[in-house]
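A.B. asks: Questions regarding the structure given below will be posed in turn.
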Amino acid sequence: MFHPFHHAARTPEKPAYVMARSGETVTYRQLEARSNQAAHFFRALGLERGDTIALMMDNNPRYFEICFAAQRSGLFYCAMSLRLSVQEAEYILRDCGARVLVVSASLAGQAAELRSKNPVIVRRFSAGGALPGHEAWERAVATQPASRIADESAGRDMLYSSGTTGRPKGVKAELLDGAIDASNALTDVAGKLYFMGPDTVYLSPAPLYHAAPLRFNMTVMRFGGTSIVMEHFDAEEALALIERHRTTHSQWVPTMFVRMLKLPREARARHDCSSMRVAIHAAAPCPVQVKRAMIRWWGPVLYEYYAGTEGNGYVACNSQEWLAHPGTVGRALVGEIRILGEDGNVLPPGETGTIYFANGPAFEYHNDPERTASSRSAEGWSTLGDVGHTDADGYLYLTDRKHFMIISGGVNIYPQEVENLLVTHPKVADVAVIGVPNEDFGEEVKAVVQPIEMREAGAALAEELIAYCRANLSHVKCPRSVDFEAELPRHPTGKLYKRLLRERYWTNPMSKAK
């Protein structure tokens with residue numbers, strides 16, 4: 001019962017999804033017909049079970065039609081980030097083995113560059129308009145029958161990391177033998193933990209190429225609910241959409257909470273958010289002050305989870321659990337948490353180390369056995385590379401990415417704690433804390449700040465922010481300097497491209513700390 005074809009038969013005119021700004025609505029009848037046409041077209045192209053297609057698309061009405069077509073055709077569908085460099089995108093296309101690429105017509109520049117690089121793509125299509133060297137997607141599938149293909153089988157996504165800490169990593173799991181409408185781990189979690197069902201109205205404010213938005217939206221449609229898909233995130237627009245559509249569910253990253261909370265008081269009060277029953281958030285640790293403020297505003301409807309594209313474990317908590325254990329991301333629902341020290345031994349509650357999942361689903365990084373091996377402990381447990389600790393009740397607390405740790409004079413400093421504090425300052429819109437070169441200590445702490453008002457950037461604000469840190473944190477953790485940027489290189493899913501910031505200071509002598 002977990003598939004749009006059931007809902008197309010029972011509630012054909014019900015909206016499967018609505019594009020927030022354009023208002024374009026795709027009903028279950030239309031989603032079923034168009035995904036069937038695309039499935040027939042994939043077969044006409046010679047694609048068989050186990051083959052791969054790739055999408056480089058903005059949030060648009062064709063996205064789910066293509067993904068459900070691949071899902072019902074036994075294909076892998078590789079959704080690619082729009083923030084990739086041409087070299088990264090070319091690498092992914094070669095690595096995933098895609099035979100078909102569909103791009104949005106709005107991405108003409110990227111599409112042209114990719115075409116000139118000549119990755120091994122059999123057919124190229126553009127959706128939403130014409131592009132040189134690409135066939136029109138809508139025209140190509142329009143002549144195909146709207147009936148189901150005879151050899152349906154369950155496909156699945158094949159996603160790559162956003163490349164925030166290095167080259168994108170591909171996660172490719174085995175295709176499942178079950179029917180296309182079989183339940184899966186996410187439908188189980190969404191139904192039992194998040195109470196999703198046919199009455200769900202789900203606000204999706206993030207890019208669809210990321211794992212969580214893509215998977216949650218498709219899960220909403222498996223249940224027969226309706227997704228409201230934002231083309232781009234805007235804080236006040238999101239609040240207006242909650243009120244207009246009487247949204248019951250949503251999925252966020254902490255930076256979105258910060259931006260909504262920093263709206264003028266009258267702007268926040270203007271919109272009724274009382275319909276929200278479940279506001280799911282993940283992707284990065286949420287500052288305690290920010291989450292408390294959101295719970296005060298929306299009520300105890302926040303549900304946090306910790307997981308990765310790799311799917312090797314799932315940790316979650318509701319608002320009541322979080323209020324009893326402030327700062328936690330929850331307890332393990334899939335897999336079992338192990339905290340390992342540098343020596344590989346299991347650490348007791350309260351001690352910080354690398355987070356591993358034992359007895360969770362297996363995964364491999366596609367065509368990268370070395371990276372796969374580096375994600376495993378001696379016992380075969382797997383890690384996403386994050387650092388944290390558990391408490392006596394088994395609740396997990398995230399410290400930071402191991403990769404982001406700063407070592408200054410032999411002291412380990414985790415930037416997330418400093419970022420969580422600085423982002424609460426009323427003059428700060430966004431912040432990244434990184435280690436930069438220091439001749440005496442190896443590294444020193446620097447904050448790179450996106451101020452609310454760029455005109456306030458300067459020595460006075462830098463001193464104010466450093467003093468703010470020193471009043472609330474150990475001085476060794478505090479930035480010794482502050483630089484200002486009009487916008488930080490943050491992925492729309494909430495992750496910072498810290499490697500891009502670090503490279504400026506480690507490769508450009510003029511930018512190095514004095």
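Each chain in the structure tokens gets a letter, A, B, ..., in the order shown, and its residues are numbered from 1; ligands are numbered from 1 in order too.
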Which residues of range 11-88 of chain A come within 10 Å of range 140-160 of chain A, and what is each one's closest atom pair and distance in Å (one decimal), counting only C-alpha atoms, sorted by chain and residue number, as a Markdown table?
C.D. replies:
```
| residue | atom | partner | partner_atom | distance |
| --- | --- | --- | --- | --- |
| A:Gln30 | CA | A:Ala146 | CA | 9.5 |
| A:Glu32 | CA | A:Ala146 | CA | 7.8 |
| A:Ala33 | CA | A:Ala146 | CA | 4.6 |
| A:Arg34 | CA | A:Ala146 | CA | 6.6 |
| A:Ser35 | CA | A:Ala146 | CA | 8.0 |
| A:Asn36 | CA | A:Ala146 | CA | 5.2 |
| A:Gln37 | CA | A:Gln144 | CA | 5.0 |
| A:Ala38 | CA | A:Val141 | CA | 5.6 |
| A:Ala39 | CA | A:Ile149 | CA | 6.8 |
| A:His40 | CA | A:Ile149 | CA | 6.1 |
| A:Phe41 | CA | A:Val141 | CA | 6.0 |
| A:Phe42 | CA | A:Val141 | CA | 9.1 |
| A:Arg43 | CA | A:Ile149 | CA | 8.6 |
| A:Ala44 | CA | A:Gln144 | CA | 9.2 |
| A:Glu48 | CA | A:Asp151 | CA | 9.6 |
| A:Arg49 | CA | A:Ser153 | CA | 7.5 |
| A:Gly50 | CA | A:Gly155 | CA | 7.7 |
| A:Asp51 | CA | A:Gly155 | CA | 9.4 |
| A:Thr52 | CA | A:Met158 | CA | 8.5 |
| A:Ile53 | CA | A:Met158 | CA | 9.4 |
| A:Ala54 | CA | A:Met158 | CA | 9.1 |
| A:Cys67 | CA | A:Asp157 | CA | 8.2 |
| A:Phe68 | CA | A:Gly155 | CA | 8.8 |
| A:Ala69 | CA | A:Gly155 | CA | 9.0 |
| A:Ala70 | CA | A:Gly155 | CA | 6.2 |
| A:Gln71 | CA | A:Gly155 | CA | 4.1 |
| A:Arg72 | CA | A:Ala154 | CA | 5.4 |
| A:Ser73 | CA | A:Glu152 | CA | 5.3 |
| A:Gly74 | CA | A:Gly155 | CA | 3.7 |
| A:Leu75 | CA | A:Gly155 | CA | 4.6 |
| A:Phe76 | CA | A:Arg156 | CA | 5.2 |
| A:Tyr77 | CA | A:Asp157 | CA | 4.8 |
| A:Cys78 | CA | A:Met158 | CA | 4.8 |
| A:Ala79 | CA | A:Leu159 | CA | 6.1 |
| A:Met80 | CA | A:Tyr160 | CA | 7.3 |
| A:Ser81 | CA | A:Tyr160 | CA | 8.4 |
```
A.B. asks: Let's have the selection written as a short mmCIF file (atom, residue, chain, number, x, y, z; two decimals), in the first residue's frame, with N, CA, C and O atoms.
C.D. replies:
```cif
data_model
loop_
_atom_site.label_atom_id
_atom_site.label_comp_id
_atom_site.auth_asym_id
_atom_site.auth_seq_id
_atom_site.Cartn_x
_atom_site.Cartn_y
_atom_site.Cartn_z
N GLN A 30 -1.90 12.34 -12.18
CA GLN A 30 -0.86 12.82 -13.08
C GLN A 30 0.50 12.21 -12.75
O GLN A 30 1.26 11.84 -13.65
N GLU A 32 1.09 9.32 -11.39
CA GLU A 32 1.07 7.93 -11.82
C GLU A 32 1.24 7.83 -13.33
O GLU A 32 2.07 7.05 -13.83
N ALA A 33 0.48 8.62 -14.08
CA ALA A 33 0.56 8.55 -15.54
C ALA A 33 1.94 8.95 -16.04
O ALA A 33 2.53 8.26 -16.90
N ARG A 34 2.49 10.04 -15.52
CA ARG A 34 3.77 10.54 -16.03
C ARG A 34 4.93 9.66 -15.61
O ARG A 34 5.88 9.48 -16.38
N SER A 35 4.88 9.11 -14.40
CA SER A 35 5.97 8.20 -14.00
C SER A 35 5.90 6.90 -14.80
O SER A 35 6.93 6.31 -15.11
N ASN A 36 4.69 6.47 -15.16
CA ASN A 36 4.56 5.30 -16.03
C ASN A 36 5.10 5.59 -17.42
O ASN A 36 5.80 4.75 -18.02
N GLN A 37 4.78 6.75 -17.96
CA GLN A 37 5.30 7.11 -19.28
C GLN A 37 6.83 7.14 -19.27
O GLN A 37 7.48 6.63 -20.20
N ALA A 38 7.40 7.71 -18.21
CA ALA A 38 8.86 7.78 -18.12
C ALA A 38 9.46 6.38 -17.95
O ALA A 38 10.54 6.09 -18.49
N ALA A 39 8.78 5.51 -17.21
CA ALA A 39 9.26 4.14 -17.05
C ALA A 39 9.29 3.42 -18.40
O ALA A 39 10.26 2.72 -18.74
N HIS A 40 8.22 3.57 -19.20
CA HIS A 40 8.22 3.00 -20.56
C HIS A 40 9.36 3.58 -21.38
O HIS A 40 10.01 2.86 -22.17
N PHE A 41 9.60 4.87 -21.22
CA PHE A 41 10.66 5.51 -22.00
C PHE A 41 12.04 4.96 -21.60
O PHE A 41 12.90 4.74 -22.47
N PHE A 42 12.25 4.76 -20.30
CA PHE A 42 13.53 4.16 -19.88
C PHE A 42 13.73 2.80 -20.53
O PHE A 42 14.84 2.46 -20.98
N ARG A 43 12.67 2.01 -20.59
CA ARG A 43 12.79 0.71 -21.24
C ARG A 43 13.07 0.88 -22.74
O ARG A 43 13.86 0.14 -23.33
N ALA A 44 12.44 1.87 -23.36
CA ALA A 44 12.68 2.12 -24.79
C ALA A 44 14.13 2.53 -25.05
O ALA A 44 14.67 2.27 -26.14
N GLU A 48 17.78 -1.33 -18.18
CA GLU A 48 17.30 -2.53 -17.50
C GLU A 48 17.54 -2.40 -16.00
O GLU A 48 18.26 -1.51 -15.53
N ARG A 49 16.94 -3.32 -15.25
CA ARG A 49 17.11 -3.34 -13.80
C ARG A 49 18.60 -3.29 -13.45
O ARG A 49 19.41 -4.04 -14.00
N GLY A 50 18.94 -2.38 -12.54
CA GLY A 50 20.31 -2.24 -12.10
C GLY A 50 21.08 -1.15 -12.81
O GLY A 50 22.18 -0.79 -12.38
N ASP A 51 20.52 -0.59 -13.91
CA ASP A 51 21.16 0.54 -14.58
C ASP A 51 20.93 1.82 -13.78
O ASP A 51 20.12 1.85 -12.85
N THR A 52 21.63 2.89 -14.18
CA THR A 52 21.59 4.14 -13.42
C THR A 52 21.25 5.31 -14.32
O THR A 52 21.74 5.41 -15.45
N ILE A 53 20.40 6.19 -13.81
CA ILE A 53 20.16 7.49 -14.42
C ILE A 53 20.65 8.55 -13.45
O ILE A 53 20.79 8.30 -12.24
N ALA A 54 20.92 9.76 -13.96
CA ALA A 54 21.36 10.87 -13.11
C ALA A 54 20.49 12.08 -13.35
O ALA A 54 20.00 12.30 -14.47
N CYS A 67 11.91 10.43 -10.59
CA CYS A 67 12.39 9.53 -9.52
C CYS A 67 11.46 8.33 -9.35
O CYS A 67 11.93 7.19 -9.20
N PHE A 68 10.14 8.56 -9.36
CA PHE A 68 9.23 7.42 -9.23
C PHE A 68 9.26 6.53 -10.47
O PHE A 68 9.04 5.32 -10.37
N ALA A 69 9.55 7.10 -11.63
CA ALA A 69 9.71 6.27 -12.82
C ALA A 69 10.90 5.34 -12.67
O ALA A 69 10.82 4.15 -13.01
N ALA A 70 12.00 5.85 -12.15
CA ALA A 70 13.18 5.01 -11.93
C ALA A 70 12.91 4.00 -10.82
O ALA A 70 13.31 2.83 -10.91
N GLN A 71 12.19 4.46 -9.77
CA GLN A 71 11.91 3.57 -8.64
C GLN A 71 11.07 2.38 -9.06
O GLN A 71 11.24 1.27 -8.55
N ARG A 72 10.16 2.56 -10.01
CA ARG A 72 9.29 1.47 -10.42
C ARG A 72 9.89 0.68 -11.58
O ARG A 72 9.29 -0.28 -12.06
N SER A 73 11.09 1.10 -12.05
CA SER A 73 11.75 0.43 -13.17
C SER A 73 12.98 -0.36 -12.74
O SER A 73 13.70 -0.88 -13.59
N GLY A 74 13.23 -0.43 -11.42
CA GLY A 74 14.41 -1.15 -10.95
C GLY A 74 15.71 -0.45 -11.24
O GLY A 74 16.77 -1.08 -11.33
N LEU A 75 15.66 0.89 -11.37
CA LEU A 75 16.86 1.66 -11.68
C LEU A 75 17.39 2.38 -10.45
O LEU A 75 16.66 2.66 -9.50
N PHE A 76 18.68 2.68 -10.47
CA PHE A 76 19.26 3.60 -9.50
C PHE A 76 19.07 5.02 -10.05
O PHE A 76 19.33 5.27 -11.23
N TYR A 77 18.63 5.94 -9.20
CA TYR A 77 18.52 7.33 -9.62
C TYR A 77 19.47 8.16 -8.77
O TYR A 77 19.37 8.23 -7.55
N CYS A 78 20.43 8.77 -9.43
CA CYS A 78 21.50 9.52 -8.77
C CYS A 78 21.16 11.00 -8.84
O CYS A 78 21.28 11.63 -9.89
N ALA A 79 20.71 11.56 -7.73
CA ALA A 79 20.36 12.98 -7.65
C ALA A 79 21.62 13.77 -7.29
O ALA A 79 22.23 13.54 -6.25
N MET A 80 22.00 14.70 -8.15
CA MET A 80 23.26 15.42 -8.01
C MET A 80 23.06 16.83 -7.48
O MET A 80 22.14 17.54 -7.89
N SER A 81 23.96 17.24 -6.59
CA SER A 81 23.93 18.58 -6.03
C SER A 81 24.20 19.62 -7.11
O SER A 81 25.01 19.43 -8.02
#
```
A.B. asks: So which residues touch range 257-265 of chain A within 8 Å, counting only C-alpha atoms, skipping near sequence neighbours fewer than 6 positions away, as a PDB file with N, CA and C atoms, in the first residue's frame?
C.D. replies:
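Just written: part26.pdb:
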```
ATOM      1  N   ALA A 235      12.791  32.472   4.784  1.00  0.00           N
ATOM      2  CA  ALA A 235      12.289  32.257   6.138  1.00  0.00           C
ATOM      3  C   ALA A 235      10.823  32.658   6.290  1.00  0.00           C
ATOM      4  N   GLU A 236      10.474  33.869   5.884  1.00  0.00           N
ATOM      5  CA  GLU A 236       9.083  34.292   6.086  1.00  0.00           C
ATOM      6  C   GLU A 236       8.140  33.577   5.122  1.00  0.00           C
ATOM      7  N   VAL A 290      18.824  27.760  20.394  1.00  0.00           N
ATOM      8  CA  VAL A 290      17.959  27.841  19.219  1.00  0.00           C
ATOM      9  C   VAL A 290      16.797  26.866  19.352  1.00  0.00           C
ATOM     10  N   ALA A 293      14.227  27.970  21.863  1.00  0.00           N
ATOM     11  CA  ALA A 293      13.410  29.060  21.333  1.00  0.00           C
ATOM     12  C   ALA A 293      12.351  28.534  20.367  1.00  0.00           C
ATOM     13  N   MET A 294      12.720  27.542  19.546  1.00  0.00           N
ATOM     14  CA  MET A 294      11.758  26.974  18.602  1.00  0.00           C
ATOM     15  C   MET A 294      10.641  26.232  19.340  1.00  0.00           C
ATOM     16  N   VAL A 423      26.303  32.047  16.845  1.00  0.00           N
ATOM     17  CA  VAL A 423      25.129  32.235  15.994  1.00  0.00           C
ATOM     18  C   VAL A 423      23.950  32.798  16.785  1.00  0.00           C
ATOM     19  N   PRO A 426      22.976  38.595  18.454  1.00  0.00           N
ATOM     20  CA  PRO A 426      21.964  39.282  17.625  1.00  0.00           C
ATOM     21  C   PRO A 426      22.514  39.909  16.349  1.00  0.00           C
ATOM     22  N   ALA A 429      24.453  36.511  11.477  1.00  0.00           N
ATOM     23  CA  ALA A 429      23.519  35.727  10.658  1.00  0.00           C
ATOM     24  C   ALA A 429      24.008  34.301  10.492  1.00  0.00           C
TER      25      ALA A 429
END
```
A.B. asks: Mind checking DSSP for range 6-147 of chain A and telling me the alpha helix (DSSP H) residues as a ChimeraX atom specification?
C.D. replies: /A:6-10,28-44,63-71,86-96,108-117,137-142
A.B. asks: Can you work out the spacing between CA of Gly128 in chain A and CA of Thr219 in chain A in Å, to one decimal?
C.D. replies: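 So the two atoms, CA of Gly128 in chain A and CA of Thr219 in chain A, lie 24.7 Å apart.
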A.B. asks: Compile the contact shell of His325 in chain A as number ranges by chain: residues with an atom at most 10 Å away, counting only C-alpha atoms, same-chain residues fewer than 3 positions apart removed.
C.D. replies: A: 317, 319-322, 328-330, 391, 393, 395-397
A.B. asks: Nearest to Glu419 in chain A among A:Phe363, A:Pro287, A:Pro489, A:Ile466, with distances taken over only C-alpha atoms: which residue is it?
C.D. replies: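 Of all the options, A:Pro287 lies closest to Glu419 in chain A.
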A.B. asks: Do a neighbour search on range 5-15 of chain A at 7 Å with only C-alpha atoms, toss out local chain neighbours closer than 4 positions, and write the hits as a VMD selection string.
C.D. replies: chain A and resid 1 25 to 29 32 224 226
A.B. asks: Skipping near chain neighbours, those fewer than 6 positions away, what residues fall within 9 Å of Ala457 in chain A using only C-alpha atoms, listed as a list in words?
C.D. replies: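 That gives Val449, Gln450, Pro451, Asp483, Phe484 and Glu485 of chain A.
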A.B. asks: Would you write out those residues with all heavy atoms, as a PDB file, in the first residue's frame?
C.D. replies:
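Produced file part11.pdb, reproduced below:
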```pdb
ATOM      1  N   VAL A 449      32.561  35.242   9.998  1.00  0.00           N
ATOM      2  CA  VAL A 449      31.195  35.624  10.364  1.00  0.00           C
ATOM      3  C   VAL A 449      30.486  36.306   9.199  1.00  0.00           C
ATOM      4  O   VAL A 449      31.068  37.160   8.515  1.00  0.00           O
ATOM      5  CB  VAL A 449      31.214  36.561  11.592  1.00  0.00           C
ATOM      6  CG1 VAL A 449      29.840  37.183  11.833  1.00  0.00           C
ATOM      7  CG2 VAL A 449      31.690  35.802  12.824  1.00  0.00           C
ATOM      8  N   GLN A 450      29.251  35.913   9.011  1.00  0.00           N
ATOM      9  CA  GLN A 450      28.335  36.621   8.112  1.00  0.00           C
ATOM     10  C   GLN A 450      27.439  37.472   8.995  1.00  0.00           C
ATOM     11  O   GLN A 450      26.556  36.954   9.684  1.00  0.00           O
ATOM     12  CB  GLN A 450      27.502  35.635   7.301  1.00  0.00           C
ATOM     13  CG  GLN A 450      26.449  36.282   6.410  1.00  0.00           C
ATOM     14  CD  GLN A 450      25.594  35.250   5.696  1.00  0.00           C
ATOM     15  OE1 GLN A 450      26.058  34.165   5.378  1.00  0.00           O
ATOM     16  NE2 GLN A 450      24.329  35.590   5.446  1.00  0.00           N
ATOM     17  N   PRO A 451      27.652  38.787   9.036  1.00  0.00           N
ATOM     18  CA  PRO A 451      26.851  39.620   9.941  1.00  0.00           C
ATOM     19  C   PRO A 451      25.451  39.864   9.393  1.00  0.00           C
ATOM     20  O   PRO A 451      25.204  39.752   8.193  1.00  0.00           O
ATOM     21  CB  PRO A 451      27.652  40.925  10.008  1.00  0.00           C
ATOM     22  CG  PRO A 451      28.415  40.970   8.730  1.00  0.00           C
ATOM     23  CD  PRO A 451      28.660  39.553   8.303  1.00  0.00           C
ATOM     24  N   ASP A 483      37.047  37.281  10.894  1.00  0.00           N
ATOM     25  CA  ASP A 483      36.923  37.840   9.555  1.00  0.00           C
ATOM     26  C   ASP A 483      35.439  37.881   9.187  1.00  0.00           C
ATOM     27  O   ASP A 483      34.626  37.135   9.749  1.00  0.00           O
ATOM     28  CB  ASP A 483      37.684  36.998   8.529  1.00  0.00           C
ATOM     29  CG  ASP A 483      39.196  37.160   8.655  1.00  0.00           C
ATOM     30  OD1 ASP A 483      39.643  38.039   9.417  1.00  0.00           O
ATOM     31  OD2 ASP A 483      39.918  36.388   7.997  1.00  0.00           O
ATOM     32  N   PHE A 484      35.107  38.737   8.233  1.00  0.00           N
ATOM     33  CA  PHE A 484      33.709  38.904   7.848  1.00  0.00           C
ATOM     34  C   PHE A 484      33.519  38.599   6.372  1.00  0.00           C
ATOM     35  O   PHE A 484      34.358  38.919   5.537  1.00  0.00           O
ATOM     36  CB  PHE A 484      33.229  40.328   8.164  1.00  0.00           C
ATOM     37  CG  PHE A 484      33.243  40.647   9.626  1.00  0.00           C
ATOM     38  CD1 PHE A 484      34.316  41.327  10.201  1.00  0.00           C
ATOM     39  CD2 PHE A 484      32.188  40.255  10.443  1.00  0.00           C
ATOM     40  CE1 PHE A 484      34.332  41.614  11.556  1.00  0.00           C
ATOM     41  CE2 PHE A 484      32.195  40.544  11.802  1.00  0.00           C
ATOM     42  CZ  PHE A 484      33.272  41.212  12.363  1.00  0.00           C
ATOM     43  N   GLU A 485      32.396  37.944   6.072  1.00  0.00           N
ATOM     44  CA  GLU A 485      32.020  37.614   4.699  1.00  0.00           C
ATOM     45  C   GLU A 485      30.554  37.983   4.493  1.00  0.00           C
ATOM     46  O   GLU A 485      29.728  37.840   5.408  1.00  0.00           O
ATOM     47  CB  GLU A 485      32.190  36.112   4.426  1.00  0.00           C
ATOM     48  CG  GLU A 485      33.615  35.605   4.551  1.00  0.00           C
ATOM     49  CD  GLU A 485      34.457  35.897   3.321  1.00  0.00           C
ATOM     50  OE1 GLU A 485      33.858  36.315   2.287  1.00  0.00           O
ATOM     51  OE2 GLU A 485      35.681  35.731   3.376  1.00  0.00           O
TER      52      GLU A 485
END
```
A.B. asks: Using DSSP on the backbone, list every residue of range 115-176 of chain A that comes out as strand (DSSP E), and give them as a list of chain:residue names.
C.D. replies: A:Arg123, A:Arg124, A:Phe125, A:Ser126, A:Ala127, A:Glu135, A:Ala136, A:Arg156, A:Asp157, A:Leu159, A:Tyr160, A:Gly170, A:Val171
A.B. asks: Residues of the last selection are to be written out with N, CA, C and O atoms, as an mmCIF file, in the first residue's frame.
C.D. replies:
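What ended up in out_37.cif:
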```
data_model
loop_
_atom_site.group_PDB
_atom_site.id
_atom_site.type_symbol
_atom_site.label_atom_id
_atom_site.label_comp_id
_atom_site.auth_asym_id
_atom_site.auth_seq_id
_atom_site.Cartn_x
_atom_site.Cartn_y
_atom_site.Cartn_z
ATOM 1 N N ARG A 123 22.378 9.343 -23.364
ATOM 2 C CA ARG A 123 21.372 10.324 -23.786
ATOM 3 C C ARG A 123 21.291 11.437 -22.752
ATOM 4 O O ARG A 123 21.325 11.189 -21.543
ATOM 5 N N ARG A 124 21.104 12.672 -23.260
ATOM 6 C CA ARG A 124 20.965 13.849 -22.404
ATOM 7 C C ARG A 124 19.610 14.504 -22.666
ATOM 8 O O ARG A 124 19.211 14.662 -23.820
ATOM 9 N N PHE A 125 18.940 14.910 -21.586
ATOM 10 C CA PHE A 125 17.623 15.523 -21.707
ATOM 11 C C PHE A 125 17.563 16.784 -20.852
ATOM 12 O O PHE A 125 18.222 16.878 -19.804
ATOM 13 N N SER A 126 16.755 17.726 -21.294
ATOM 14 C CA SER A 126 16.491 18.928 -20.494
ATOM 15 C C SER A 126 15.011 18.971 -20.153
ATOM 16 O O SER A 126 14.157 18.681 -20.989
ATOM 17 N N ALA A 127 14.716 19.316 -18.917
ATOM 18 C CA ALA A 127 13.339 19.427 -18.441
ATOM 19 C C ALA A 127 13.003 20.888 -18.196
ATOM 20 O O ALA A 127 13.808 21.633 -17.643
ATOM 21 N N GLU A 135 17.913 16.633 -25.577
ATOM 22 C CA GLU A 135 16.566 16.379 -26.050
ATOM 23 C C GLU A 135 15.561 16.891 -25.016
ATOM 24 O O GLU A 135 15.845 16.902 -23.814
ATOM 25 N N ALA A 136 14.403 17.297 -25.467
ATOM 26 C CA ALA A 136 13.364 17.802 -24.555
ATOM 27 C C ALA A 136 12.724 16.634 -23.821
ATOM 28 O O ALA A 136 12.136 15.750 -24.452
ATOM 29 N N ARG A 156 16.041 2.284 -6.436
ATOM 30 C CA ARG A 156 16.344 3.092 -5.249
ATOM 31 C C ARG A 156 17.333 4.195 -5.604
ATOM 32 O O ARG A 156 17.967 4.167 -6.656
ATOM 33 N N ASP A 157 17.457 5.157 -4.694
ATOM 34 C CA ASP A 157 18.386 6.246 -4.951
ATOM 35 C C ASP A 157 19.827 5.810 -4.765
ATOM 36 O O ASP A 157 20.128 4.845 -4.052
ATOM 37 N N LEU A 159 23.063 8.139 -3.896
ATOM 38 C CA LEU A 159 23.385 9.522 -3.581
ATOM 39 C C LEU A 159 24.850 9.681 -3.202
ATOM 40 O O LEU A 159 25.491 8.749 -2.708
ATOM 41 N N TYR A 160 25.346 10.876 -3.428
ATOM 42 C CA TYR A 160 26.729 11.220 -3.098
ATOM 43 C C TYR A 160 26.731 12.287 -2.010
ATOM 44 O O TYR A 160 25.827 13.127 -1.955
ATOM 45 N N GLY A 170 30.081 8.279 -2.998
ATOM 46 C CA GLY A 170 28.856 7.657 -3.458
ATOM 47 C C GLY A 170 28.442 6.498 -2.576
ATOM 48 O O GLY A 170 29.272 5.676 -2.199
ATOM 49 N N VAL A 171 27.158 6.436 -2.226
ATOM 50 C CA VAL A 171 26.618 5.341 -1.429
ATOM 51 C C VAL A 171 25.650 4.562 -2.304
ATOM 52 O O VAL A 171 24.620 5.094 -2.727
#
```
A.B. asks: Please measure the separation of CA of Cys469 in chain A and CA of Glu417 in chain A, giving the value in Å to one decimal.
C.D. replies: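 Computing the Euclidean distance for CA of Cys469 in chain A and CA of Glu417 in chain A yields 10.3 Å.
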